[in-house]
$ cat coords35.cif   # mmCIF, C-alpha atoms and all ligand atoms
data_final
loop_
_atom_site.group_PDB
_atom_site.id
_atom_site.type_symbol
_atom_site.label_atom_id
_atom_site.label_comp_id
_atom_site.auth_asym_id
_atom_site.auth_seq_id
_atom_site.Cartn_x
_atom_site.Cartn_y
_atom_site.Cartn_z
ATOM 1 C CA MET A 253 0.634 64.942 -84.697
ATOM 2 C CA ARG A 254 3.243 64.217 -87.367
ATOM 3 C CA TYR A 255 6.888 63.702 -86.535
ATOM 4 C CA LEU A 256 9.668 64.064 -89.070
ATOM 5 C CA VAL A 257 12.187 61.344 -88.159
ATOM 6 C CA ILE A 258 15.685 62.050 -89.466
ATOM 7 C CA GLY A 259 19.200 60.914 -88.712
ATOM 8 C CA ASP A 260 22.741 61.135 -90.022
ATOM 9 C CA ILE A 261 22.393 64.501 -91.736
ATOM 10 C CA HIS A 262 26.198 64.600 -91.729
ATOM 11 C CA SER A 263 26.630 68.248 -92.684
ATOM 12 C CA ASN A 264 24.884 67.657 -96.004
ATOM 13 C CA LEU A 265 22.794 70.807 -96.324
ATOM 14 C CA ALA A 266 21.536 70.068 -99.861
ATOM 15 C CA ALA A 267 20.205 66.686 -98.732
ATOM 16 C CA PHE A 268 18.649 68.129 -95.568
ATOM 17 C CA GLU A 269 16.903 70.903 -97.520
ATOM 18 C CA ALA A 270 15.591 68.369 -100.044
ATOM 19 C CA VAL A 271 14.067 66.330 -97.207
ATOM 20 C CA LEU A 272 12.398 69.429 -95.787
ATOM 21 C CA ARG A 273 10.938 70.338 -99.203
ATOM 22 C CA ASP A 274 9.740 66.781 -99.731
ATOM 23 C CA ILE A 275 7.969 66.468 -96.383
ATOM 24 C CA LYS A 276 6.385 69.878 -96.909
ATOM 25 C CA ALA A 277 4.897 68.606 -100.173
ATOM 26 C CA ARG A 278 3.619 65.532 -98.331
ATOM 27 C CA GLY A 279 1.638 67.458 -95.728
ATOM 28 C CA GLY A 280 4.376 68.822 -93.475
ATOM 29 C CA PHE A 281 5.184 67.948 -89.892
ATOM 30 C CA ASP A 282 4.665 69.225 -86.354
ATOM 31 C CA ARG A 283 7.908 68.184 -84.681
ATOM 32 C CA VAL A 284 11.341 66.851 -85.554
ATOM 33 C CA TRP A 285 12.912 63.800 -83.986
ATOM 34 C CA CYS A 286 16.596 63.637 -84.884
ATOM 35 C CA LEU A 287 18.756 60.568 -84.290
ATOM 36 C CA GLY A 288 22.162 62.230 -84.218
ATOM 37 C CA ASP A 289 25.214 62.717 -86.427
ATOM 38 C CA VAL A 290 24.084 66.166 -87.481
ATOM 39 C CA VAL A 291 27.694 66.832 -88.484
ATOM 40 C CA GLY A 292 30.727 64.922 -89.790
ATOM 41 C CA TYR A 293 31.740 63.969 -93.363
ATOM 42 C CA GLY A 294 29.915 66.758 -95.232
ATOM 43 C CA PRO A 295 30.666 70.372 -96.151
ATOM 44 C CA ASP A 296 28.157 72.422 -94.108
ATOM 45 C CA PRO A 297 28.249 71.555 -90.399
ATOM 46 C CA HIS A 298 27.373 74.995 -89.041
ATOM 47 C CA GLU A 299 24.569 75.532 -91.566
ATOM 48 C CA CYS A 300 23.032 72.135 -90.789
ATOM 49 C CA ILE A 301 23.047 72.775 -87.040
ATOM 50 C CA GLN A 302 21.495 76.203 -87.588
ATOM 51 C CA LEU A 303 18.767 74.853 -89.858
ATOM 52 C CA LEU A 304 17.973 71.955 -87.544
ATOM 53 C CA ARG A 305 17.738 74.208 -84.495
ATOM 54 C CA GLN A 306 15.064 76.323 -86.166
ATOM 55 C CA PHE A 307 12.670 73.407 -85.615
ATOM 56 C CA GLU A 308 13.515 73.013 -81.914
ATOM 57 C CA PRO A 309 14.027 69.308 -82.489
ATOM 58 C CA VAL A 310 14.127 66.476 -80.053
ATOM 59 C CA CYS A 311 17.658 65.305 -80.831
ATOM 60 C CA VAL A 312 20.193 62.822 -79.492
ATOM 61 C CA ALA A 313 23.961 62.890 -79.983
ATOM 62 C CA GLY A 314 25.833 60.674 -82.431
ATOM 63 C CA ASN A 315 29.464 59.610 -82.528
ATOM 64 C CA HIS A 316 30.355 62.287 -85.074
ATOM 65 C CA ASP A 317 28.664 65.009 -83.001
ATOM 66 C CA TRP A 318 30.790 63.987 -80.037
ATOM 67 C CA ALA A 319 33.947 63.722 -82.121
ATOM 68 C CA ALA A 320 33.437 67.244 -83.466
ATOM 69 C CA ILE A 321 33.476 68.640 -79.927
ATOM 70 C CA GLY A 322 36.280 66.412 -78.657
ATOM 71 C CA ARG A 323 34.151 64.113 -76.514
ATOM 72 C CA VAL A 324 35.441 61.049 -78.347
ATOM 73 C CA ASP A 325 38.888 60.596 -79.782
ATOM 74 C CA THR A 326 39.145 60.772 -83.580
ATOM 75 C CA ALA A 327 41.690 57.932 -83.265
ATOM 76 C CA ASP A 328 38.583 55.729 -82.967
ATOM 77 C CA PHE A 329 37.581 56.732 -86.520
ATOM 78 C CA ASN A 330 38.967 55.538 -89.833
ATOM 79 C CA PRO A 331 41.538 57.999 -91.294
ATOM 80 C CA VAL A 332 39.215 59.795 -93.737
ATOM 81 C CA ALA A 333 36.417 60.116 -91.181
ATOM 82 C CA ALA A 334 38.958 61.437 -88.665
ATOM 83 C CA GLN A 335 40.220 63.996 -91.196
ATOM 84 C CA ALA A 336 36.645 65.178 -91.807
ATOM 85 C CA CYS A 337 36.076 65.324 -88.024
ATOM 86 C CA ARG A 338 39.073 67.571 -87.493
ATOM 87 C CA TRP A 339 37.918 69.876 -90.290
ATOM 88 C CA THR A 340 34.377 69.904 -88.870
ATOM 89 C CA ALA A 341 35.632 70.911 -85.427
ATOM 90 C CA GLN A 342 37.204 74.026 -86.922
ATOM 91 C CA GLN A 343 33.931 75.154 -88.529
ATOM 92 C CA LEU A 344 31.774 75.187 -85.413
ATOM 93 C CA THR A 345 30.820 78.375 -83.576
ATOM 94 C CA PRO A 346 30.769 78.444 -79.753
ATOM 95 C CA GLU A 347 26.956 78.201 -79.977
ATOM 96 C CA ASP A 348 27.204 75.122 -82.204
ATOM 97 C CA ILE A 349 29.590 73.478 -79.747
ATOM 98 C CA ASP A 350 27.318 74.316 -76.839
ATOM 99 C CA TYR A 351 24.343 72.849 -78.685
ATOM 100 C CA LEU A 352 26.132 69.577 -79.500
ATOM 101 C CA GLN A 353 27.525 69.425 -75.973
ATOM 102 C CA LYS A 354 24.017 69.445 -74.496
ATOM 103 C CA LEU A 355 22.549 66.705 -76.677
ATOM 104 C CA PRO A 356 21.621 63.648 -74.603
ATOM 105 C CA LEU A 357 22.484 60.115 -75.669
ATOM 106 C CA GLU A 358 18.984 58.756 -75.222
ATOM 107 C CA LEU A 359 15.482 60.232 -75.075
ATOM 108 C CA CYS A 360 11.976 58.870 -74.692
ATOM 109 C CA GLN A 361 9.115 60.411 -76.621
ATOM 110 C CA ASP A 362 5.616 59.019 -76.674
ATOM 111 C CA ASP A 363 6.158 55.224 -76.843
ATOM 112 C CA PHE A 364 9.541 55.588 -78.578
ATOM 113 C CA THR A 365 13.124 55.537 -77.377
ATOM 114 C CA LEU A 366 15.492 57.587 -79.533
ATOM 115 C CA VAL A 367 19.197 56.720 -79.741
ATOM 116 C CA HIS A 368 21.893 57.083 -82.366
ATOM 117 C CA GLY A 369 23.499 53.622 -82.337
ATOM 118 C CA SER A 370 21.670 51.238 -80.026
ATOM 119 C CA PRO A 371 20.075 51.367 -76.559
ATOM 120 C CA ARG A 372 22.910 49.197 -75.241
ATOM 121 C CA GLU A 373 25.639 51.373 -76.722
ATOM 122 C CA PRO A 374 24.139 54.661 -77.954
ATOM 123 C CA VAL A 375 27.315 56.091 -79.428
ATOM 124 C CA TRP A 376 28.998 53.210 -81.244
ATOM 125 C CA GLU A 377 26.942 50.064 -81.799
ATOM 126 C CA TYR A 378 25.597 49.369 -85.294
ATOM 127 C CA LEU A 379 22.222 47.661 -85.108
ATOM 128 C CA MET A 380 22.557 45.536 -88.231
ATOM 129 C CA SER A 381 21.968 41.928 -87.198
ATOM 130 C CA ARG A 382 19.109 40.009 -85.662
ATOM 131 C CA GLU A 383 21.431 38.922 -82.846
ATOM 132 C CA ALA A 384 22.306 42.510 -81.954
ATOM 133 C CA ALA A 385 18.628 43.463 -82.122
ATOM 134 C CA GLN A 386 17.655 40.537 -79.896
ATOM 135 C CA ASP A 387 20.116 41.607 -77.199
ATOM 136 C CA ASN A 388 19.078 45.240 -77.473
ATOM 137 C CA PHE A 389 15.360 44.609 -77.038
ATOM 138 C CA ALA A 390 16.231 44.030 -73.365
ATOM 139 C CA CYS A 391 17.905 47.437 -73.129
ATOM 140 C CA PHE A 392 14.973 49.864 -73.460
ATOM 141 C CA GLU A 393 11.563 50.253 -71.846
ATOM 142 C CA THR A 394 9.287 51.686 -74.511
ATOM 143 C CA THR A 395 7.557 49.560 -77.139
ATOM 144 C CA TYR A 396 9.482 51.047 -80.052
ATOM 145 C CA CYS A 397 13.002 52.330 -80.591
ATOM 146 C CA LEU A 398 14.308 54.611 -83.341
ATOM 147 C CA VAL A 399 17.970 54.244 -84.299
ATOM 148 C CA GLY A 400 20.376 55.712 -86.845
ATOM 149 C CA HIS A 401 24.148 55.192 -87.266
ATOM 150 C CA SER A 402 24.135 52.451 -89.936
ATOM 151 C CA HIS A 403 22.509 54.775 -92.515
ATOM 152 C CA VAL A 404 20.427 51.793 -93.680
ATOM 153 C CA PRO A 405 16.606 51.947 -93.551
ATOM 154 C CA LEU A 406 15.482 48.789 -91.812
ATOM 155 C CA VAL A 407 13.118 47.305 -89.289
ATOM 156 C CA PHE A 408 13.625 44.654 -86.624
ATOM 157 C CA GLU A 409 10.430 43.255 -85.165
ATOM 158 C CA LEU A 410 10.172 41.060 -82.100
ATOM 159 C CA VAL A 411 7.649 38.356 -82.975
ATOM 160 C CA GLY A 412 7.185 36.074 -80.004
ATOM 161 C CA SER A 413 10.766 35.454 -78.940
ATOM 162 C CA SER A 414 12.372 35.737 -82.365
ATOM 163 C CA VAL A 415 13.508 38.755 -84.328
ATOM 164 C CA VAL A 416 12.263 39.357 -87.865
ATOM 165 C CA TYR A 417 14.399 41.632 -90.012
ATOM 166 C CA ARG A 418 13.453 43.523 -93.158
ATOM 167 C CA MET A 419 14.475 46.522 -95.181
ATOM 168 C CA PHE A 420 12.143 49.505 -95.011
ATOM 169 C CA PRO A 421 11.298 50.122 -98.683
ATOM 170 C CA ASP A 422 10.828 53.540 -100.251
ATOM 171 C CA GLU A 423 7.178 54.610 -99.900
ATOM 172 C CA GLY A 424 6.767 51.736 -97.452
ATOM 173 C CA SER A 425 4.590 52.118 -94.385
ATOM 174 C CA LEU A 426 4.502 50.308 -91.083
ATOM 175 C CA ARG A 427 1.414 50.182 -88.900
ATOM 176 C CA LEU A 428 2.500 50.019 -85.270
ATOM 177 C CA GLY A 429 0.986 47.230 -83.224
ATOM 178 C CA GLU A 430 1.858 45.425 -80.045
ATOM 179 C CA ASN A 431 5.126 43.922 -81.295
ATOM 180 C CA ARG A 432 8.258 45.724 -80.240
ATOM 181 C CA LEU A 433 10.282 47.300 -83.024
ATOM 182 C CA PHE A 434 13.538 48.902 -83.973
ATOM 183 C CA ILE A 435 13.123 51.300 -86.866
ATOM 184 C CA ASN A 436 15.966 52.987 -88.735
ATOM 185 C CA PRO A 437 14.836 55.763 -91.121
ATOM 186 C CA GLY A 438 18.113 55.557 -93.085
ATOM 187 C CA GLY A 439 20.547 58.411 -93.524
ATOM 188 C CA VAL A 440 19.709 61.903 -94.774
ATOM 189 C CA GLY A 441 23.207 62.974 -95.710
ATOM 190 C CA GLN A 442 25.127 59.801 -96.539
ATOM 191 C CA PRO A 443 22.888 56.811 -97.391
ATOM 192 C CA ARG A 444 24.639 53.437 -97.291
ATOM 193 C CA ASP A 445 22.162 50.991 -98.770
ATOM 194 C CA GLY A 446 23.162 51.478 -102.395
ATOM 195 C CA ASP A 447 20.520 54.145 -103.016
ATOM 196 C CA PRO A 448 22.100 57.613 -103.034
ATOM 197 C CA ARG A 449 18.830 59.434 -102.386
ATOM 198 C CA ALA A 450 18.289 61.032 -98.967
ATOM 199 C CA SER A 451 16.290 58.791 -96.650
ATOM 200 C CA TYR A 452 13.864 59.756 -93.874
ATOM 201 C CA ALA A 453 10.667 58.727 -92.103
ATOM 202 C CA VAL A 454 7.471 60.277 -90.818
ATOM 203 C CA TYR A 455 5.574 59.033 -87.791
ATOM 204 C CA ASP A 456 1.870 59.851 -87.828
ATOM 205 C CA ALA A 457 0.718 59.514 -84.225
ATOM 206 C CA ASN A 458 -2.969 59.723 -85.170
ATOM 207 C CA THR A 459 -2.850 56.614 -87.338
ATOM 208 C CA LYS A 460 0.110 55.039 -85.480
ATOM 209 C CA THR A 461 1.883 54.568 -88.796
ATOM 210 C CA VAL A 462 5.507 55.156 -89.799
ATOM 211 C CA TYR A 463 6.199 56.044 -93.434
ATOM 212 C CA HIS A 464 9.556 55.821 -95.170
ATOM 213 C CA TYR A 465 10.536 58.107 -98.035
ATOM 214 C CA ARG A 466 13.509 58.683 -100.343
ATOM 215 C CA VAL A 467 14.183 61.960 -102.081
ATOM 216 C CA GLU A 468 16.686 62.960 -104.724
ATOM 217 C CA TYR A 469 18.915 65.888 -103.908
ATOM 218 C CA ASP A 470 21.622 67.797 -105.722
ATOM 219 C CA ILE A 471 24.527 65.473 -104.954
ATOM 220 C CA LEU A 472 26.854 67.431 -107.267
ATOM 221 C CA THR A 473 26.371 70.579 -105.188
ATOM 222 C CA THR A 474 27.386 68.761 -102.006
ATOM 223 C CA GLN A 475 30.338 67.121 -103.771
ATOM 224 C CA LYS A 476 31.498 70.466 -105.169
ATOM 225 C CA ARG A 477 31.372 72.050 -101.713
ATOM 226 C CA MET A 478 33.307 69.136 -100.239
ATOM 227 C CA LYS A 479 35.973 69.489 -102.899
ATOM 228 C CA GLU A 480 36.278 73.232 -102.245
ATOM 229 C CA ARG A 481 36.769 72.517 -98.564
ATOM 230 C CA GLY A 482 39.449 69.896 -99.207
ATOM 231 C CA LEU A 483 37.484 67.001 -97.740
ATOM 232 C CA PRO A 484 38.688 63.453 -98.605
ATOM 233 C CA LEU A 485 37.946 62.239 -102.129
ATOM 234 C CA SER A 486 36.540 58.883 -100.993
ATOM 235 C CA LEU A 487 33.901 60.694 -98.917
ATOM 236 C CA ILE A 488 32.997 62.783 -101.966
ATOM 237 C CA MET A 489 32.746 59.756 -104.273
ATOM 238 C CA ARG A 490 30.669 57.571 -101.994
ATOM 239 C CA LEU A 491 27.720 59.967 -102.085
ATOM 240 C CA SER A 492 27.154 59.125 -105.767
ATOM 241 C CA GLN A 493 26.956 55.430 -104.998
ATOM 242 C CA GLY A 494 24.973 55.600 -101.788
ATOM 243 C CA TRP A 495 27.179 53.524 -99.587
HETATM 244 ZN ZN ZN B 1 26.346 58.560 -89.188
#
$ encode --input "coords35.cif" --output "structure tokens" --more "lines below"
Ligand code: ZN
Amino acid sequence: MRYLVIGDIHSNLAAFEAVLRDIKARGGFDRVWCLGDVVGYGPDPHECIQLLRQFEPVCVAGNHDWAAIGRVDTADFNPVAAQACRWTAQQLTPEDIDYLQKLPLELCQDDFTLVHGSPREPVWEYLMSREAAQDNFACFETTYCLVGHSHVPLVFELVGSSVVYRMFPDEGSLRLGENRLFINPGGVGQPRDGDPRASYAVYDANTKTVYHYRVEYDILTTQKRMKERGLPLSLIMRLSQGW
């Protein structure tokens, strides 16, 4: 069984399609695990929800998914993110809204917990420091936890009582053992680690190995669509830099 692990698609259809082509060329997948923020920032919210739903994914809600349906206040976002949220909300069909509305905040699959931010605070917390990881290891039951939200591909491993932190390199693989882990596959639609390529992971349950991949996509197409839709310039520019 092979799981495609994706998060933070952020309405970036070109990036999402590139990931799907790339994984197909690498042997495909059986199921999709999605870590939330399907929408927000990018130009194609409805199309991304539609495409994702074709795979009947296991999917949790992110802060932008909730903002798009009014479950969190856009006042909690920075001004450009809030502007994109308000635009996103206008693009959704009743079916899209219903789909986002029903997404849970946390799910367990196999020996993994899936959340957007962190097990302690699934909607908002960025799991970026060893201290935050340490506290959060007490907040879920499974051995491993998959998170998104920061758009940075990284791994926190609990070794004895201390947390070891490392980036998850492109083409890197991680053999799962007894140590508990947080794994972030990075962001599909708005990477923030200085590499503008779409980022995703694959979990192979047969070999108990997680693989991390990057794939180039047509950034100019996404930027052109964002411009046409009047989305904020800073959100358009940042895609080129991958931050
Ligand atoms: Zn996000």
$ resolve_selection --input "coords35.cif" --expression "the PyMOL selection byres (((chain A and resi 328) around 12) and not hetatm)" --output "list in words"
Asn315, His316, Trp318, Ala319, Gly322, Arg323, Val324, Asp325, Thr326, Ala327, Phe329, Asn330, Pro331, Val332, Ala333, Ala334, Gln335, Cys337, Val375 and Trp376 of chain A
$ axis_aligned_box --input "coords35.cif" --around "range 326-332 of chain A" --padding-each-side "8 Å" --output "AutoDock Vina command-line options"
--center_x 39.6 --center_y 58.2 --center_z -88.4 --size_x 20.1 --size_y 21.2 --size_z 26.8
$ resolve_selection --input "coords35.cif" --expression "the PyMOL selection byres (((chain A and resi 475-488) around 12) and not hetatm)" --output "PyMOL selection string"
chain A and resi 262-267+292-297+330-340+342-343+441-444+469-474+489-495
$ residues_around --input "coords35.cif" --residues "range 346-351 of chain A" --least-positions-apart "4" --cutoff "12 Å" --atoms "only C-alpha atoms" --output "PyMOL selection string"
chain A and resi 290-291+297-305+308-309+311-313+317-323+340-342+355-356
$ closest_atom_pairs --input "coords35.cif" --of "chain A" --to "ligand ZN 1 (chain B)" --cutoff "6 Å" --atoms "only C-alpha atoms and all ligand atoms" --output "Markdown table"
| residue | atom | partner | partner_atom | distance |
| --- | --- | --- | --- | --- |
| A:Asp260 | CA | B:ZN1 | ZN | 4.5 |
| A:Asp289 | CA | B:ZN1 | ZN | 5.1 |
| A:His401 | CA | B:ZN1 | ZN | 4.5 |
$ closest_residue --input "coords35.cif" --among "A:Tyr452, A:Tyr465, A:Phe281, A:Tyr255" --to "Phe268 in chain A" --atoms "only C-alpha atoms"
A:Tyr452
$ resolve_selection --input "coords35.cif" --expression "the PyMOL selection byres (((chain A and resi 393-395) around 12) and not hetatm)" --output "VMD selection string"
chain A and resid 358 to 366 371 to 372 388 to 392 396 to 398 409 to 410 428 to 435
$ atom_distance --input "coords35.cif" --atom1 "CA of Ala457 in chain A" --atom2 "CA of Val411 in chain A"
22.3 Å
$ closest_residue --input "coords35.cif" --among "A:Ala277, A:Gly288, A:Val271, A:Tyr455" --to "Leu352 in chain A" --atoms "only C-alpha atoms"
A:Gly288
$ residues_near_point --input "coords35.cif" --point "(25.1, 44.9, -90.3)" --cutoff "12 Å" --atoms "all atoms listed in the file" --output "list in words"
Gly369, Glu377, Tyr378, Leu379, Met380, Ser381, Arg382, Glu383, Ala384, Ala385, His401, Ser402, His403, Val404, Pro405, Leu406, Tyr417, Met419, Arg444 and Asp445 of chain A
$ atom_distance --input "coords35.cif" --atom1 "CA of Gly280 in chain A" --atom2 "CA of Arg254 in chain A"
7.7 Å
$ closest_residue --input "coords35.cif" --among "A:Val407, A:Thr461, A:Phe420, A:Val454" --to "Trp285 in chain A" --atoms "only C-alpha atoms"
A:Val454
$ atom_distance --input "coords35.cif" --atom1 "CA of Ile275 in chain A" --atom2 "CA of Val367 in chain A"
22.3 Å
$ closest_residue --input "coords35.cif" --among "A:Arg427, A:Arg418, A:Arg466, A:Arg273" --to "Val440 in chain A" --atoms "only C-alpha atoms"
A:Arg466
